Amino acid sequence: MIDLSIVIPAHNVAKFLDQCINSITPDKKAKITYEILIIDNNSTDSTLEICHELAKKNKNIQILSCSKPGAPAVRNFGLKKAKGKYIWFVDSDDYVKSGTTEEILKTAARTDADAIIIKAQKVNENGEKWQSGTTLFAIDPEKDSDWRQKFVKTGMAPWSIICKKAFLVKNQLFYDEGMIHEDMALLSSFILYTDKMALCQNSCYYYRQREGSVLHQKEWNEKEFDIFKALKLLRSRFKKAKMFDEYRDELEYFYIWNLLDDAARAFKRYPQGKPGYKKIRQTMRRDFPHWRKNKYFRSRPLMVRLRCYTAFYGVVW
């Protein structure tokens with residue numbers, strides 16, 4: 001078995017693919033066995049041509065194709081094809097700090113963790129840092145006594161957590177296909193299946209914010225309402241594991257953040273999103289009727305709380 005499989009869904013990312021692949025490729029001096037699986041997902045630009053050019057330069061790159069649309073289907077496809085002990089799902093328009101791939105495997109060797117968290121920063125379409133360089137996902141299971149609570153209420157991104165393939169397969173931790181917001185339905189539940197997690201201290205994943213991506217589309221997509229399905233699926237995982245009460249506060253805050261902040265603002269951008277406000281109210285009243293008293297929410301700045309209060313009634317600013 002090789003050390004690491006890097007699985008990259010690729011759909012019309014000709015502009016960014018070269019930077020992505022170059023940044024994640026380990027230094028030749030590093031004693032790492034790895035494979036990079038670039039999985040084309042119905043690209044119509046020159047993505048596939050660039051993939052083959054990259055593969056000519058690096059024998060560890062394999063070009064595969066998955067016609068079933070959507071990143072969840074491609075990730076599941078890649079997981080089945082991967083031969084690595086660890087699996088890392090990387091978005092094809094992002095890139096990482098030099099040496100991050102090596103650091104991930106050093107952390108894996110030191111801890112034998114089932115899952116390794118990497119730090120991240122948002123960048124704009126040109127790759128420039130923004131939001132004052134805020135570091136995302138800096139949760140340290142070896143130092144933070146409340147890391148499980150942080151993990152649940154913060155949520156992860158598919159690219160922010162590198163997992164043993166055996167851990168994912170054993171626990172049937174596959175992505176729900178045919179939907180967006182699929183990561184919400186799955187990743188926070190990882191703490192139900194293992195305590196063996198670690199933070200890659202010297203990592204940095206640069207998460208590119210660009211128009212045209214699934215979460216930043218100019219036109220309305222009815223699948224924006226998948227967020228309600230995703231949250232329901234996440235809740236059901238904790239219920240099934242009989243861990244809902246233990247993490248009630250964290251899950252409640254996860255709902256508040258994703259519905260009353262992110263989703264409410266997303267719905268505002270489109271006339272078709274208006275029915276989403278009613279769905280938000282129905283969901284919060286059903287699942288967390290006392291959300292205003294949430295301990296994490298009450299510690300947020302007044303203006304943030306006011307924005308959520310008004311979003312509950314469909315007034316977004």
# chains A, B, ... in the order shown; residues from 1 in each chain; ligands from 1
$ residues_around --residues "A:Ser92" --least-positions-apart "3" --cutoff "8 Å" --atoms "only C-alpha atoms" --output "PyMOL selection string"
chain A and resi 8-10+13+16-17+20+95
$ write_last_selection --atoms "C-alpha atoms" --output "mmCIF file, in the first residue's frame"
data_model
loop_
_atom_site.group_PDB
_atom_site.id
_atom_site.type_symbol
_atom_site.label_atom_id
_atom_site.label_comp_id
_atom_site.auth_asym_id
_atom_site.auth_seq_id
_atom_site.Cartn_x
_atom_site.Cartn_y
_atom_site.Cartn_z
ATOM 1 C CA ILE A 8 -8.932 15.700 -7.210
ATOM 2 C CA PRO A 9 -12.347 16.204 -8.822
ATOM 3 C CA ALA A 10 -11.835 18.389 -11.909
ATOM 4 C CA VAL A 13 -10.640 24.258 -13.989
ATOM 5 C CA PHE A 16 -6.145 26.664 -11.834
ATOM 6 C CA LEU A 17 -5.184 23.011 -12.243
ATOM 7 C CA CYS A 20 -2.997 22.986 -7.658
ATOM 8 C CA TYR A 95 -3.514 25.124 -3.691
#
$ closest_atom_pairs --of "stretch 203-258 of chain A" --to "stretch 177-192 of chain A" --cutoff "12 Å" --atoms "only C-alpha atoms" --output "Markdown table"
| residue | atom | partner | partner_atom | distance |
| --- | --- | --- | --- | --- |
| A:Ser213 | CA | A:Ile180 | CA | 11.6 |
| A:Val214 | CA | A:Ile180 | CA | 7.9 |
| A:Leu215 | CA | A:Ile180 | CA | 8.5 |
| A:Asn221 | CA | A:Ile180 | CA | 10.1 |
| A:Glu222 | CA | A:Ile180 | CA | 10.2 |
| A:Lys223 | CA | A:Ile180 | CA | 6.4 |
| A:Glu224 | CA | A:Ile180 | CA | 7.2 |
| A:Phe225 | CA | A:Ile180 | CA | 8.8 |
| A:Asp226 | CA | A:Ile180 | CA | 6.1 |
| A:Ile227 | CA | A:His181 | CA | 5.7 |
| A:Phe228 | CA | A:His181 | CA | 9.1 |
| A:Lys229 | CA | A:Ala185 | CA | 8.0 |
| A:Ala230 | CA | A:Ala185 | CA | 4.4 |
| A:Leu231 | CA | A:Ala185 | CA | 5.8 |
| A:Lys232 | CA | A:Ala185 | CA | 7.5 |
| A:Leu233 | CA | A:Ala185 | CA | 5.3 |
| A:Leu234 | CA | A:Ala185 | CA | 4.4 |
| A:Arg235 | CA | A:Ala185 | CA | 8.1 |
| A:Ser236 | CA | A:Ala185 | CA | 9.2 |
| A:Arg237 | CA | A:Ser189 | CA | 6.8 |
| A:Phe238 | CA | A:Ser189 | CA | 7.0 |
| A:Lys239 | CA | A:Ser189 | CA | 10.7 |
| A:Lys240 | CA | A:Leu192 | CA | 10.3 |
| A:Ala241 | CA | A:Leu192 | CA | 7.2 |
| A:Lys242 | CA | A:Leu192 | CA | 9.7 |
| A:Met243 | CA | A:Leu192 | CA | 7.8 |
| A:Phe244 | CA | A:Leu192 | CA | 10.3 |
| A:Glu246 | CA | A:Leu192 | CA | 11.1 |
| A:Tyr247 | CA | A:Ser189 | CA | 10.4 |
| A:Glu250 | CA | A:Ser188 | CA | 9.9 |
| A:Leu251 | CA | A:Ser188 | CA | 9.0 |
| A:Phe254 | CA | A:Met184 | CA | 9.3 |
| A:Tyr255 | CA | A:Met184 | CA | 10.0 |
| A:Trp257 | CA | A:Met184 | CA | 11.8 |
| A:Asn258 | CA | A:Met184 | CA | 9.2 |
$ select_by_dssp --residues "stretch 241-297 of chain A" --states "alpha helix (DSSP H)" --output "MDAnalysis selection string"
chainID A and resid 248:255 264:268 275:287 295:297
$ write_last_selection --atoms "N, CA and C atoms" --output "short mmCIF file (atom, residue, chain, number, x, y, z; two decimals), in the first residue's frame"
data_model
loop_
_atom_site.label_atom_id
_atom_site.label_comp_id
_atom_site.auth_asym_id
_atom_site.auth_seq_id
_atom_site.Cartn_x
_atom_site.Cartn_y
_atom_site.Cartn_z
N ARG A 248 -25.79 18.57 21.61
CA ARG A 248 -26.93 19.40 21.24
C ARG A 248 -26.52 20.86 21.02
N ASP A 249 -25.76 21.43 21.95
CA ASP A 249 -25.37 22.85 21.83
C ASP A 249 -24.57 23.10 20.57
N GLU A 250 -23.66 22.19 20.27
CA GLU A 250 -22.79 22.35 19.10
C GLU A 250 -23.58 22.21 17.79
N LEU A 251 -24.47 21.23 17.75
CA LEU A 251 -25.29 21.06 16.55
C LEU A 251 -26.26 22.22 16.37
N GLU A 252 -26.79 22.72 17.47
CA GLU A 252 -27.68 23.87 17.40
C GLU A 252 -26.95 25.08 16.84
N TYR A 253 -25.72 25.30 17.31
CA TYR A 253 -24.94 26.42 16.78
C TYR A 253 -24.61 26.22 15.31
N PHE A 254 -24.35 24.98 14.93
CA PHE A 254 -24.06 24.66 13.52
C PHE A 254 -25.25 25.03 12.65
N TYR A 255 -26.45 24.75 13.12
CA TYR A 255 -27.68 25.14 12.42
C TYR A 255 -27.76 26.67 12.33
N ALA A 264 -29.24 32.25 4.73
CA ALA A 264 -30.13 33.41 4.61
C ALA A 264 -29.56 34.43 3.64
N ARG A 265 -28.26 34.66 3.71
CA ARG A 265 -27.63 35.62 2.79
C ARG A 265 -27.60 35.08 1.36
N ALA A 266 -27.40 33.76 1.22
CA ALA A 266 -27.41 33.16 -0.12
C ALA A 266 -28.80 33.26 -0.75
N PHE A 267 -29.84 33.03 0.04
CA PHE A 267 -31.20 33.11 -0.48
C PHE A 267 -31.55 34.53 -0.90
N LYS A 268 -30.98 35.51 -0.21
CA LYS A 268 -31.30 36.91 -0.51
C LYS A 268 -30.88 37.31 -1.92
N PRO A 275 -38.60 31.48 -0.70
CA PRO A 275 -39.23 30.41 0.09
C PRO A 275 -38.29 29.79 1.13
N GLY A 276 -36.99 30.01 0.96
CA GLY A 276 -36.02 29.47 1.90
C GLY A 276 -36.17 30.03 3.30
N TYR A 277 -36.66 31.28 3.41
CA TYR A 277 -36.81 31.87 4.74
C TYR A 277 -37.86 31.13 5.55
N LYS A 278 -38.93 30.73 4.90
CA LYS A 278 -39.97 29.96 5.59
C LYS A 278 -39.40 28.61 6.02
N LYS A 279 -38.60 27.99 5.14
CA LYS A 279 -37.99 26.71 5.47
C LYS A 279 -37.04 26.85 6.66
N ILE A 280 -36.32 27.98 6.72
CA ILE A 280 -35.43 28.22 7.86
C ILE A 280 -36.23 28.27 9.16
N ARG A 281 -37.30 29.05 9.16
CA ARG A 281 -38.13 29.17 10.37
C ARG A 281 -38.70 27.81 10.78
N GLN A 282 -39.20 27.07 9.81
CA GLN A 282 -39.78 25.76 10.12
C GLN A 282 -38.73 24.82 10.71
N THR A 283 -37.54 24.83 10.12
CA THR A 283 -36.46 23.94 10.58
C THR A 283 -36.01 24.30 11.99
N MET A 284 -35.78 25.59 12.24
CA MET A 284 -35.31 26.01 13.56
C MET A 284 -36.38 25.75 14.63
N ARG A 285 -37.63 26.03 14.30
CA ARG A 285 -38.71 25.80 15.28
C ARG A 285 -38.89 24.32 15.59
N ARG A 286 -38.67 23.48 14.59
CA ARG A 286 -38.84 22.04 14.79
C ARG A 286 -37.65 21.43 15.53
N ASP A 287 -36.44 21.76 15.10
CA ASP A 287 -35.26 21.08 15.61
C ASP A 287 -34.63 21.76 16.83
N LYS A 295 -25.49 28.77 24.01
CA LYS A 295 -24.37 29.38 24.73
C LYS A 295 -23.30 29.95 23.79
N TYR A 296 -23.10 29.32 22.66
CA TYR A 296 -22.11 29.84 21.71
C TYR A 296 -22.66 31.07 21.00
N PHE A 297 -23.92 31.01 20.63
CA PHE A 297 -24.56 32.14 19.95
C PHE A 297 -24.59 33.37 20.85
#
$ select_by_dssp --residues "stretch 34-241 of chain A" --states "strand (DSSP E)" --output "VMD selection string"
chain A and resid 34 to 40 61 to 65 84 to 89 95 to 96 115 to 123 161 to 164 197 to 208
$ residues_around --residues "stretch 200-211 of chain A" --least-positions-apart "2" --cutoff "8 Å" --atoms "only C-alpha atoms" --output "ChimeraX atom specification"
/A:93-97,99-100,103-104,107,116-125,127,160,198,213,216-218
$ write_last_selection --atoms "N, CA and C atoms" --output "mmCIF file, in the first residue's frame"
data_model
loop_
_atom_site.group_PDB
_atom_site.id
_atom_site.type_symbol
_atom_site.label_atom_id
_atom_site.label_comp_id
_atom_site.auth_asym_id
_atom_site.auth_seq_id
_atom_site.Cartn_x
_atom_site.Cartn_y
_atom_site.Cartn_z
ATOM 1 N N ASP A 93 -9.321 23.855 -7.809
ATOM 2 C CA ASP A 93 -9.024 25.277 -7.969
ATOM 3 C C ASP A 93 -8.292 25.854 -6.761
ATOM 4 N N ASP A 94 -7.891 25.005 -5.826
ATOM 5 C CA ASP A 94 -7.167 25.461 -4.637
ATOM 6 C C ASP A 94 -5.696 25.082 -4.724
ATOM 7 N N TYR A 95 -4.927 25.496 -3.741
ATOM 8 C CA TYR A 95 -3.514 25.124 -3.691
ATOM 9 C C TYR A 95 -3.061 25.126 -2.237
ATOM 10 N N VAL A 96 -1.856 24.622 -1.967
ATOM 11 C CA VAL A 96 -1.384 24.512 -0.590
ATOM 12 C C VAL A 96 -0.007 25.143 -0.425
ATOM 13 N N LYS A 97 0.303 25.435 0.816
ATOM 14 C CA LYS A 97 1.626 25.945 1.188
ATOM 15 C C LYS A 97 2.679 24.884 0.867
ATOM 16 N N GLY A 99 5.360 22.246 1.090
ATOM 17 C CA GLY A 99 5.717 21.315 2.162
ATOM 18 C C GLY A 99 4.544 20.740 2.923
ATOM 19 N N THR A 100 3.325 21.171 2.578
ATOM 20 C CA THR A 100 2.154 20.696 3.322
ATOM 21 C C THR A 100 1.956 19.190 3.173
ATOM 22 N N GLU A 103 4.289 17.429 5.412
ATOM 23 C CA GLU A 103 3.917 17.617 6.822
ATOM 24 C C GLU A 103 2.736 16.730 7.213
ATOM 25 N N ILE A 104 1.809 16.557 6.291
ATOM 26 C CA ILE A 104 0.659 15.683 6.566
ATOM 27 C C ILE A 104 1.136 14.278 6.907
ATOM 28 N N THR A 107 2.897 14.001 10.255
ATOM 29 C CA THR A 107 1.908 13.955 11.334
ATOM 30 C C THR A 107 1.274 12.582 11.419
ATOM 31 N N ILE A 116 -6.534 13.521 9.986
ATOM 32 C CA ILE A 116 -5.586 14.622 10.212
ATOM 33 C C ILE A 116 -6.191 15.917 9.673
ATOM 34 N N ILE A 117 -6.248 16.910 10.525
ATOM 35 C CA ILE A 117 -6.831 18.205 10.164
ATOM 36 C C ILE A 117 -5.729 19.119 9.648
ATOM 37 N N ILE A 118 -6.018 19.872 8.577
ATOM 38 C CA ILE A 118 -5.055 20.860 8.108
ATOM 39 C C ILE A 118 -5.657 22.262 8.205
ATOM 40 N N LYS A 119 -4.808 23.218 8.494
ATOM 41 C CA LYS A 119 -5.232 24.612 8.596
ATOM 42 C C LYS A 119 -5.485 25.171 7.194
ATOM 43 N N ALA A 120 -6.242 26.266 7.154
ATOM 44 C CA ALA A 120 -6.582 26.846 5.855
ATOM 45 C C ALA A 120 -6.757 28.352 5.948
ATOM 46 N N GLN A 121 -6.649 28.998 4.812
ATOM 47 C CA GLN A 121 -6.961 30.420 4.681
ATOM 48 C C GLN A 121 -7.742 30.617 3.390
ATOM 49 N N LYS A 122 -8.693 31.541 3.422
ATOM 50 C CA LYS A 122 -9.419 31.890 2.210
ATOM 51 C C LYS A 122 -8.570 32.839 1.366
ATOM 52 N N VAL A 123 -8.648 32.654 0.050
ATOM 53 C CA VAL A 123 -7.987 33.565 -0.885
ATOM 54 C C VAL A 123 -8.994 33.944 -1.949
ATOM 55 N N ASN A 124 -8.750 35.056 -2.643
ATOM 56 C CA ASN A 124 -9.661 35.456 -3.711
ATOM 57 C C ASN A 124 -9.313 34.698 -4.990
ATOM 58 N N GLU A 125 -9.986 35.039 -6.063
ATOM 59 C CA GLU A 125 -9.802 34.290 -7.309
ATOM 60 C C GLU A 125 -8.374 34.357 -7.817
ATOM 61 N N GLY A 127 -5.798 34.315 -5.902
ATOM 62 C CA GLY A 127 -4.912 33.652 -4.951
ATOM 63 C C GLY A 127 -4.408 34.547 -3.847
ATOM 64 N N SER A 160 -10.165 19.602 4.157
ATOM 65 C CA SER A 160 -9.507 20.000 5.407
ATOM 66 C C SER A 160 -9.194 18.833 6.322
ATOM 67 N N ALA A 198 -5.598 14.352 14.692
ATOM 68 C CA ALA A 198 -4.439 15.201 14.954
ATOM 69 C C ALA A 198 -4.470 16.406 14.033
ATOM 70 N N SER A 213 -18.069 28.879 -9.007
ATOM 71 C CA SER A 213 -17.962 27.639 -8.239
ATOM 72 C C SER A 213 -19.347 27.257 -7.729
ATOM 73 N N HIS A 216 -20.743 29.650 -5.222
ATOM 74 C CA HIS A 216 -20.714 31.079 -5.576
ATOM 75 C C HIS A 216 -21.245 31.287 -6.998
ATOM 76 N N GLN A 217 -22.388 30.706 -7.273
ATOM 77 C CA GLN A 217 -22.942 30.802 -8.615
ATOM 78 C C GLN A 217 -23.716 32.104 -8.809
ATOM 79 N N LYS A 218 -23.670 32.616 -10.032
ATOM 80 C CA LYS A 218 -24.385 33.852 -10.346
ATOM 81 C C LYS A 218 -25.876 33.612 -10.494
#
$ closest_residue --among "A:Arg75, A:Lys57, A:Lys68, A:Lys274" --to "A:Trp159" --atoms "only C-alpha atoms"
A:Arg75
$ residues_around --residues "stretch 29-45 of chain A" --least-positions-apart "3" --cutoff "8 Å" --atoms "only C-alpha atoms" --output "compact mmCIF listing (two decimals) with N, CA and C atoms, in the first residue's frame"
# COMPACT_ATOMS: atom_id res chain seq x y z
N ILE A 2 0.47 2.23 -0.78
CA ILE A 2 1.22 3.49 -0.81
C ILE A 2 0.78 4.40 0.34
N ASP A 3 1.55 5.44 0.61
CA ASP A 3 1.28 6.31 1.76
C ASP A 3 0.02 7.14 1.59
N LEU A 4 -0.14 7.76 0.43
CA LEU A 4 -1.18 8.78 0.28
C LEU A 4 -1.78 8.79 -1.12
N SER A 5 -3.10 8.83 -1.15
CA SER A 5 -3.82 9.06 -2.42
C SER A 5 -4.44 10.44 -2.35
N ILE A 6 -4.11 11.29 -3.32
CA ILE A 6 -4.70 12.62 -3.42
C ILE A 6 -5.73 12.59 -4.54
N VAL A 7 -6.99 12.75 -4.17
CA VAL A 7 -8.09 12.63 -5.12
C VAL A 7 -8.60 14.03 -5.47
N ILE A 8 -8.60 14.35 -6.76
CA ILE A 8 -8.93 15.70 -7.21
C ILE A 8 -10.06 15.68 -8.23
N PRO A 9 -11.28 16.03 -7.83
CA PRO A 9 -12.35 16.20 -8.82
C PRO A 9 -12.03 17.42 -9.70
N ALA A 10 -12.19 17.29 -11.00
CA ALA A 10 -11.83 18.39 -11.91
C ALA A 10 -12.95 18.63 -12.92
N HIS A 11 -13.53 19.83 -12.86
CA HIS A 11 -14.56 20.22 -13.82
C HIS A 11 -14.32 21.66 -14.26
N ASN A 12 -13.86 21.83 -15.49
CA ASN A 12 -13.64 23.16 -16.07
C ASN A 12 -12.76 24.05 -15.17
N VAL A 13 -11.57 23.52 -14.86
CA VAL A 13 -10.64 24.26 -13.99
C VAL A 13 -9.28 24.43 -14.67
N ALA A 14 -9.31 24.60 -15.98
CA ALA A 14 -8.06 24.72 -16.73
C ALA A 14 -7.18 25.84 -16.20
N PRO A 26 4.72 16.21 -3.70
CA PRO A 26 5.83 16.19 -2.74
C PRO A 26 7.17 16.43 -3.41
N LEU A 48 -9.01 18.57 -19.48
CA LEU A 48 -8.51 17.22 -19.75
C LEU A 48 -7.16 17.25 -20.45
N CYS A 51 -4.59 17.98 -17.89
CA CYS A 51 -4.38 16.78 -17.08
C CYS A 51 -3.35 15.85 -17.72
N ASN A 60 3.27 9.61 -11.18
CA ASN A 60 2.36 9.32 -10.07
C ASN A 60 0.95 9.86 -10.31
N ILE A 61 0.77 10.59 -11.41
CA ILE A 61 -0.55 11.14 -11.75
C ILE A 61 -1.31 10.16 -12.63
N GLN A 62 -2.54 9.90 -12.25
CA GLN A 62 -3.44 9.10 -13.07
C GLN A 62 -4.65 9.95 -13.46
N ILE A 63 -5.07 9.82 -14.70
CA ILE A 63 -6.23 10.56 -15.19
C ILE A 63 -7.40 9.58 -15.29
N LEU A 64 -8.45 9.85 -14.55
CA LEU A 64 -9.64 9.02 -14.57
C LEU A 64 -10.84 9.88 -14.98
N SER A 65 -11.95 9.23 -15.24
CA SER A 65 -13.14 9.97 -15.65
C SER A 65 -14.35 9.43 -14.91
N CYS A 66 -15.19 10.35 -14.42
CA CYS A 66 -16.45 9.99 -13.77
C CYS A 66 -17.53 10.85 -14.40
N SER A 67 -18.46 10.22 -15.09
CA SER A 67 -19.49 10.98 -15.79
C SER A 67 -20.64 11.41 -14.88
N LYS A 68 -20.81 10.75 -13.76
CA LYS A 68 -21.89 11.12 -12.84
C LYS A 68 -21.59 12.50 -12.28
N PRO A 69 -22.46 13.49 -12.48
CA PRO A 69 -22.10 14.86 -12.12
C PRO A 69 -22.05 15.10 -10.61
N GLY A 70 -21.16 16.03 -10.24
CA GLY A 70 -21.09 16.47 -8.86
C GLY A 70 -19.88 15.94 -8.12
N VAL A 74 -17.83 12.09 -7.50
CA VAL A 74 -16.43 11.94 -7.91
C VAL A 74 -15.56 11.52 -6.72
N GLY A 78 -13.41 8.19 -6.49
CA GLY A 78 -11.99 8.24 -6.22
C GLY A 78 -11.59 7.41 -5.02
N ALA A 82 -8.72 4.56 -5.06
CA ALA A 82 -7.48 4.92 -4.37
C ALA A 82 -6.80 3.72 -3.73
N GLY A 84 -4.05 4.34 -1.55
CA GLY A 84 -3.27 4.86 -0.45
C GLY A 84 -3.81 4.49 0.92
N GLU A 102 4.16 16.86 2.67
CA GLU A 102 5.15 16.18 3.50
C GLU A 102 4.78 16.26 4.99
$ closest_atom_pairs --of "stretch 14-129 of chain A" --to "stretch 169-173 of chain A" --cutoff "10 Å" --atoms "only C-alpha atoms" --output "Markdown table"
| residue | atom | partner | partner_atom | distance |
| --- | --- | --- | --- | --- |
| A:Asn76 | CA | A:Leu173 | CA | 9.5 |
| A:Leu79 | CA | A:Val169 | CA | 8.7 |
| A:Lys80 | CA | A:Val169 | CA | 9.0 |
$ atom_distance --atom1 "atom CA of A:Phe151" --atom2 "atom CA of A:Trp130"
23.2 Å
$ atom_distance --atom1 "atom CA of A:Leu199" --atom2 "atom CA of A:Met156"
12.7 Å
$ closest_residue --among "A:Asp262, A:Tyr86, A:Asp144, A:Glu219" --to "A:Arg307" --atoms "only C-alpha atoms"
A:Asp262
